[in-house]
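This report refers to the structure that appears directly beneath it.
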Amino acid sequence: MLELTDENFEKEIQGADKPILVDFWAQWCMPCLMLGPILEKVAGEYKDKLTLAKVNLDTAPQISQKYRIEQIPTVILFKEGKPISGFIGARPEPIIKEWLEDILKKNDKN
Amino acid sequence: MTKIEELIKQYEEYAQKNGFRLNPGKGIVERLVKGLLENEKKYGARYCPCRRIAANKEEDRPKICPCQWHREEIEKDGHCFCGLFVRPC
């Protein structure tokens, strides 16, 4: 899992060979703490297709502003350096998998 | 009474007066309240720990807990976005 900050975000996102699933979170956000382990589990199952990255809002204020993160957790999937889909708030594992399957399938076709 | 307990009591009273209640998960409430106090230390007000603080007082004012959106969120989703307040049983 990658830890992204204002310093390394663009470099890691632009240079990635696989889509990056970015979890914007903060230490005191309860829904973030609930979602974190779910994303780690899901990312483990999809490790051939994507990489999981975490962005702590405290260490990445500029990036959080750039991507208009207002509420957390916010999850965004980046492909070839661009955000292609995402969601806000904690969600159950099956819903996240369904979303990922759908978005990865659509992007495989393109 | 600790600062955390004091704040939990205040939010409990606020919830009761307004027809909803605090999240029944004690640990959840404690963590959120710690986050509110942490934000108060860092940014000068008890901003919701689940929202980005822009460090612009005008822009951030609606994010002070209880935030501008909590009523409609409780009504719509059964809880405010961060989960501090929930719909009554």
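Letters A, B, ... mark the chains of the structure tokens in the order given; residue numbers begin at 1 per chain; ligand numbers begin at 1, in order shown.
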Quick one: residues within 6 Å of segment 29-45 of chain A, only C-alpha atoms, excluding same-chain residues fewer than 5 positions away - as a PyMOL selection string?
(chain A and resi 73+90) or (chain B and resi 49-50)
Segment 8-21 of chain A environment, 6 Å, only C-alpha atoms, sequence neighbours closer than 5 positions dropped, as a PyMOL selection string
chain A and resi 50-53+76-79+81
Run DSSP on the backbone of this structure and report the residues of chain B it assigns to helix (DSSP H, G or I), as a ChimeraX atom specification.
/B:3-17,26-43,57-63,70-77
Counting only C-alpha atoms, collect the residues of chain A whose closest atom lies at most 10 Å from chain B, and write them out as a ChimeraX atom specification.
/A:25-32,57-58,61-62,64-65,68-74,88-90
Could you write out that same residue set with C-alpha atoms as a PDB file, in the first residue's frame?
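File written: selection16.pdb
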ATOM      1  CA  TRP A  25      -8.958   9.726   5.096  1.00  0.00           C
ATOM      2  CA  ALA A  26      -8.138  11.298   8.460  1.00  0.00           C
ATOM      3  CA  GLN A  27      -7.240   9.902  11.846  1.00  0.00           C
ATOM      4  CA  TRP A  28     -10.386  10.954  13.721  1.00  0.00           C
ATOM      5  CA  CYS A  29     -12.923  10.137  11.032  1.00  0.00           C
ATOM      6  CA  MET A  30     -14.886   7.085  12.175  1.00  0.00           C
ATOM      7  CA  PRO A  31     -16.311   6.124   8.762  1.00  0.00           C
ATOM      8  CA  CYS A  32     -12.713   6.270   7.428  1.00  0.00           C
ATOM      9  CA  LEU A  57      -5.799  14.880   4.647  1.00  0.00           C
ATOM     10  CA  ASP A  58      -3.431  16.297   7.257  1.00  0.00           C
ATOM     11  CA  PRO A  61      -3.954  19.557   2.068  1.00  0.00           C
ATOM     12  CA  GLN A  62      -3.109  20.733  -1.453  1.00  0.00           C
ATOM     13  CA  SER A  64      -7.199  17.205  -1.144  1.00  0.00           C
ATOM     14  CA  GLN A  65      -8.164  20.670  -2.300  1.00  0.00           C
ATOM     15  CA  ARG A  68     -12.225  18.835  -4.187  1.00  0.00           C
ATOM     16  CA  ILE A  69     -12.325  16.409  -1.296  1.00  0.00           C
ATOM     17  CA  GLU A  70     -14.972  17.839   1.032  1.00  0.00           C
ATOM     18  CA  GLN A  71     -16.088  14.808   3.015  1.00  0.00           C
ATOM     19  CA  ILE A  72     -14.101  11.775   4.032  1.00  0.00           C
ATOM     20  CA  PRO A  73     -13.726   8.954   3.405  1.00  0.00           C
ATOM     21  CA  THR A  74     -13.605   9.703  -0.301  1.00  0.00           C
ATOM     22  CA  ILE A  88     -17.938   9.146  -0.766  1.00  0.00           C
ATOM     23  CA  GLY A  89     -18.581   7.516   2.612  1.00  0.00           C
ATOM     24  CA  ALA A  90     -18.125   4.031   4.060  1.00  0.00           C
TER      25      ALA A  90
END
Calculate how many Å separate atom CA of Asn18 of chain B from atom CA of Arg87 of chain B, rounding to one decimal.
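Value for the atom CA of Asn18 of chain B-atom CA of Arg87 of chain B distance: 10.4 Å.
For the atom pair formed by atom CA of Asn107 of chain A and atom CA of Pro92 of chain A, the distance is 22.8 Å, given to one decimal.
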Provide the atom CA of Asn23 of chain B to atom CA of Glu93 of chain A distance in Å, to one decimal place.
22.3 Å
Would you mind telling me which residue in A:Glu80, A:Val75, A:Leu4, A:Lys47 lies nearest to Ile96 of chain A when using only C-alpha atoms?
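Selected residue with least distance to Ile96 of chain A: A:Val75.
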Non-local contacts of segment 70-78 of chain B (9 Å; only C-alpha atoms; under 5 positions in same chain excluded) as an MDAnalysis selection string
chainID B and resid 20 65 85:88
With C-alpha atoms retained, write the just-selected residues as a PDB file, in the first residue's frame.
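Dumped to again_10.pdb:
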ATOM      1  CA  PHE B  20     -32.516  12.424  17.596  1.00  0.00           C
ATOM      2  CA  CYS B  65     -20.385  20.327  14.824  1.00  0.00           C
ATOM      3  CA  PHE B  85     -26.004  11.645  15.653  1.00  0.00           C
ATOM      4  CA  VAL B  86     -28.496   8.976  14.655  1.00  0.00           C
ATOM      5  CA  ARG B  87     -32.243   8.811  14.078  1.00  0.00           C
ATOM      6  CA  PRO B  88     -34.225   7.787  17.171  1.00  0.00           C
TER       7      PRO B  88
END
What are the DSSP strand (DSSP E or B) residues of chain B, as a PyMOL selection string?
chain B and resi 21-22+47+51+64+79+85-86
